[in-house]
Amino acid sequence: MSEIIERMDVPEHCRTQFSTDHDEQLKKQGNADYFITSGDKIRFFFEKGVFDDKGEFIVPKEHSLNKIGHGGKKKIMPNILHCFHYANFKTLQFVSYLQNLVKKLGLIYPVILQSMYIFKVQFICPALTPHQDATFLSTQPLGRVMGVWLALEDAALENGCLWFIPGSHNNGITRRMVRTPKGTFPLTDFIGREKDYDDKLFVPAPVKKGGAVLIHGQVVHRSAANTSDASRHVYTFHIMESQNTIWSPENWLQPTEELPFPSLYT
């Protein structure tokens, strides 16, 4: 990942700041073709306040990124995300213990929807607002999407570990991000709004380096700002049980003929 960042060359107009805030998402990602066309590409998403008025970095490149996602093509550059450099990447993502774990959970034809490398940079990364992954990755029926969150560094209270509302996966979803009709702006919109949640409902889930957290697509979760002097790097991806499942054509993320959602088992 350090080598990828060193080679990173993002045009000024594509320097998109990532956010899970409702209004900021519509203003930033919602108007950015760079975001909604990232399903079969590798794209860079930045933290706030890392560029000057001319779009130049005012912090080291390695401290500027919120995440890198969401898919990829070998012709762009070799990298660790799920559709890149497949033979080498199998050693990380498609190892037998992960396949066995998913089989034990009863998934028959799981496919990988997207993958992300999340940086959670020390002193810079703000809080991740409460949300449900199914807001962005909608299926019929619901309950077919699961996140796999791999800690590449210790994730503690001080550097922004995940927090969950236990049992919230049973309550459905309160909003959906959808693509708007071609030729209209913003490029995405929300149906509904996220609820306001009582902070007392959230339970922290610290995990040591090398640990994994499985995230139900409908569970409400968030993370606090990283106010420590330690980063919290994570590799995460989303799996969908594709058997008897309809992937919403309104989702911002869409497979392509060149890059359909790859199977976890093959």
# chains A, B, ... in the order shown; residues from 1 in each chain; ligands from 1
call {"tool": "residues_around", "arguments": {"residues": "Asn171 (chain A)", "least_positions_apart": "3", "cutoff": "8 Å", "atoms": "only C-alpha atoms", "output": "ChimeraX atom specification"}}
result
/A:167-168,218
call {"tool": "write_last_selection", "arguments": {"atoms": "all heavy atoms", "output": "CSV table (one decimal), in the first residue's frame"}}
result
chain,number,residue,atom,x,y,z
A,167,GLY,N,-28.4,-5.8,18.3
A,167,GLY,CA,-29.7,-6.1,17.9
A,167,GLY,C,-30.3,-5.2,16.8
A,167,GLY,O,-31.4,-5.5,16.3
A,168,SER,N,-29.6,-4.2,16.4
A,168,SER,CA,-30.1,-3.2,15.4
A,168,SER,C,-30.3,-3.9,14.1
A,168,SER,O,-31.0,-3.3,13.2
A,168,SER,CB,-29.3,-2.0,15.4
A,168,SER,OG,-27.9,-2.3,15.0
A,218,GLN,N,-27.2,-4.9,8.1
A,218,GLN,CA,-28.2,-4.0,8.6
A,218,GLN,C,-27.9,-3.5,10.0
A,218,GLN,O,-28.6,-2.7,10.6
A,218,GLN,CB,-29.6,-4.7,8.7
A,218,GLN,CG,-30.1,-4.9,7.3
A,218,GLN,CD,-31.1,-6.0,7.2
A,218,GLN,OE1,-30.9,-7.1,6.6
A,218,GLN,NE2,-32.2,-5.9,8.0
call {"tool": "atom_distance", "arguments": {"atom1": "CA of Phe164 (chain A)", "atom2": "CA of Val207 (chain A)"}}
result
13.3 Å
call {"tool": "residues_around", "arguments": {"residues": "Asp229 (chain A)", "least_positions_apart": "5", "cutoff": "9 Å", "atoms": "only C-alpha atoms", "output": "PyMOL selection string"}}
result
chain A and resi 121-123+158-159
call {"tool": "residues_around", "arguments": {"residues": "Gly160 (chain A)", "least_positions_apart": "4", "cutoff": "9 Å", "atoms": "only C-alpha atoms", "output": "list in words"}}
result
Lys120, Cys125, Pro126, Ala127, Leu128, Ala155, Ala156, Pro206, Ser223, Ala224, Ala225, Asn226, Thr227, Ser228, Ser231 and Arg232 of chain A
call {"tool": "residues_around", "arguments": {"residues": "Ser64 (chain A)", "least_positions_apart": "2", "cutoff": "10 Å", "atoms": "only C-alpha atoms", "output": "VMD selection string"}}
result
chain A and resid 5 17 44 to 51 57 to 62 66 to 67 119 to 121 124 to 125
call {"tool": "write_last_selection", "arguments": {"atoms": "N, CA and C atoms", "output": "JSON list (two decimals), in the first residue's frame"}}
result
[["chain", "number", "residue", "atom", "x", "y", "z"],
["A", 5, "ILE", "N", 0.60, 4.34, -2.73],
["A", 5, "ILE", "CA", 0.45, 5.76, -2.38],
["A", 5, "ILE", "C", 1.58, 6.57, -3.01],
["A", 17, "GLN", "N", -13.29, 14.14, -1.30],
["A", 17, "GLN", "CA", -13.26, 13.93, 0.14],
["A", 17, "GLN", "C", -14.38, 12.97, 0.52],
["A", 44, "PHE", "N", -9.02, 6.83, -5.16],
["A", 44, "PHE", "CA", -8.47, 7.38, -3.93],
["A", 44, "PHE", "C", -9.44, 8.42, -3.36],
["A", 45, "PHE", "N", -9.74, 8.30, -2.05],
["A", 45, "PHE", "CA", -10.67, 9.21, -1.38],
["A", 45, "PHE", "C", -9.98, 9.81, -0.16],
["A", 46, "PHE", "N", -10.08, 11.14, -0.03],
["A", 46, "PHE", "CA", -9.23, 11.88, 0.89],
["A", 46, "PHE", "C", -9.98, 12.40, 2.10],
["A", 47, "GLU", "N", -9.19, 12.72, 3.14],
["A", 47, "GLU", "CA", -9.74, 13.37, 4.32],
["A", 47, "GLU", "C", -9.94, 14.86, 4.03],
["A", 48, "LYS", "N", -10.71, 15.51, 4.89],
["A", 48, "LYS", "CA", -10.90, 16.95, 4.78],
["A", 48, "LYS", "C", -9.61, 17.68, 5.17],
["A", 49, "GLY", "N", -9.40, 18.83, 4.55],
["A", 49, "GLY", "CA", -8.32, 19.70, 4.98],
["A", 49, "GLY", "C", -6.92, 19.25, 4.61],
["A", 50, "VAL", "N", -6.81, 18.38, 3.59],
["A", 50, "VAL", "CA", -5.47, 17.90, 3.22],
["A", 50, "VAL", "C", -4.94, 18.58, 1.96],
["A", 51, "PHE", "N", -5.77, 19.47, 1.35],
["A", 51, "PHE", "CA", -5.35, 20.21, 0.15],
["A", 51, "PHE", "C", -5.44, 21.71, 0.41],
["A", 57, "PHE", "N", -1.27, 19.06, -1.97],
["A", 57, "PHE", "CA", -1.22, 18.45, -0.65],
["A", 57, "PHE", "C", -0.55, 19.39, 0.36],
["A", 58, "ILE", "N", -1.16, 19.50, 1.54],
["A", 58, "ILE", "CA", -0.54, 20.26, 2.62],
["A", 58, "ILE", "C", -0.15, 19.33, 3.77],
["A", 59, "VAL", "N", -0.36, 18.04, 3.59],
["A", 59, "VAL", "CA", 0.09, 17.02, 4.53],
["A", 59, "VAL", "C", 0.79, 15.95, 3.71],
["A", 60, "PRO", "N", 1.63, 15.10, 4.34],
["A", 60, "PRO", "CA", 2.24, 14.01, 3.59],
["A", 60, "PRO", "C", 1.17, 13.14, 2.92],
["A", 61, "LYS", "N", 1.45, 12.65, 1.73],
["A", 61, "LYS", "CA", 0.47, 11.83, 1.00],
["A", 61, "LYS", "C", -0.07, 10.69, 1.84],
["A", 62, "GLU", "N", 0.82, 10.07, 2.61],
["A", 62, "GLU", "CA", 0.40, 8.89, 3.38],
["A", 62, "GLU", "C", -0.55, 9.25, 4.52],
["A", 66, "ASN", "N", -8.43, 8.87, 3.30],
["A", 66, "ASN", "CA", -9.42, 8.18, 4.12],
["A", 66, "ASN", "C", -9.45, 6.71, 3.74],
["A", 67, "LYS", "N", -9.53, 6.44, 2.42],
["A", 67, "LYS", "CA", -9.57, 5.05, 1.97],
["A", 67, "LYS", "C", -9.18, 4.97, 0.50],
["A", 119, "PHE", "N", -7.64, 3.89, 6.16],
["A", 119, "PHE", "CA", -6.42, 4.32, 6.84],
["A", 119, "PHE", "C", -6.65, 4.80, 8.28],
["A", 120, "LYS", "N", -7.73, 5.49, 8.54],
["A", 120, "LYS", "CA", -8.00, 6.05, 9.88],
["A", 120, "LYS", "C", -6.74, 6.71, 10.44],
["A", 121, "VAL", "N", -6.30, 7.75, 9.76],
["A", 121, "VAL", "CA", -5.01, 8.39, 10.05],
["A", 121, "VAL", "C", -5.04, 9.07, 11.42],
["A", 124, "ILE", "N", -6.01, 13.03, 12.30],
["A", 124, "ILE", "CA", -6.69, 13.64, 11.16],
["A", 124, "ILE", "C", -8.08, 13.06, 10.94],
["A", 125, "CYS", "N", -8.21, 11.74, 11.03],
["A", 125, "CYS", "CA", -9.46, 11.09, 10.62],
["A", 125, "CYS", "C", -10.59, 11.41, 11.60]]
call {"tool": "residues_around", "arguments": {"residues": "Ile239 (chain A)", "least_positions_apart": "4", "cutoff": "8 Å", "atoms": "only C-alpha atoms", "output": "tab-separated table (two decimals) with N, CA and C atoms, in the first residue's frame"}}
result
chain	number	residue	atom	x	y	z
A	110	PRO	N	-21.46	-17.08	-2.36
A	110	PRO	CA	-21.07	-15.72	-1.99
A	110	PRO	C	-20.20	-15.07	-3.06
A	111	VAL	N	-20.49	-13.81	-3.34
A	111	VAL	CA	-19.67	-13.04	-4.26
A	111	VAL	C	-19.16	-11.80	-3.54
A	112	ILE	N	-18.06	-11.25	-4.03
A	112	ILE	CA	-17.44	-10.08	-3.41
A	112	ILE	C	-17.90	-8.83	-4.15
A	113	LEU	N	-18.50	-7.91	-3.41
A	113	LEU	CA	-19.06	-6.70	-3.99
A	113	LEU	C	-18.04	-5.59	-4.17
A	114	GLN	N	-17.24	-5.36	-3.15
A	114	GLN	CA	-16.27	-4.27	-3.18
A	114	GLN	C	-15.22	-4.54	-2.11
A	145	VAL	N	-26.08	-9.24	2.72
A	145	VAL	CA	-24.75	-8.62	2.63
A	145	VAL	C	-24.06	-8.67	3.98
A	146	MET	N	-22.77	-8.99	3.96
A	146	MET	CA	-21.97	-9.05	5.19
A	146	MET	C	-20.61	-8.39	4.93
A	147	GLY	N	-20.18	-7.56	5.86
A	147	GLY	CA	-18.85	-6.99	5.78
A	147	GLY	C	-17.83	-7.85	6.50
A	148	VAL	N	-16.63	-7.94	5.95
A	148	VAL	CA	-15.51	-8.62	6.60
A	148	VAL	C	-14.44	-7.55	6.82
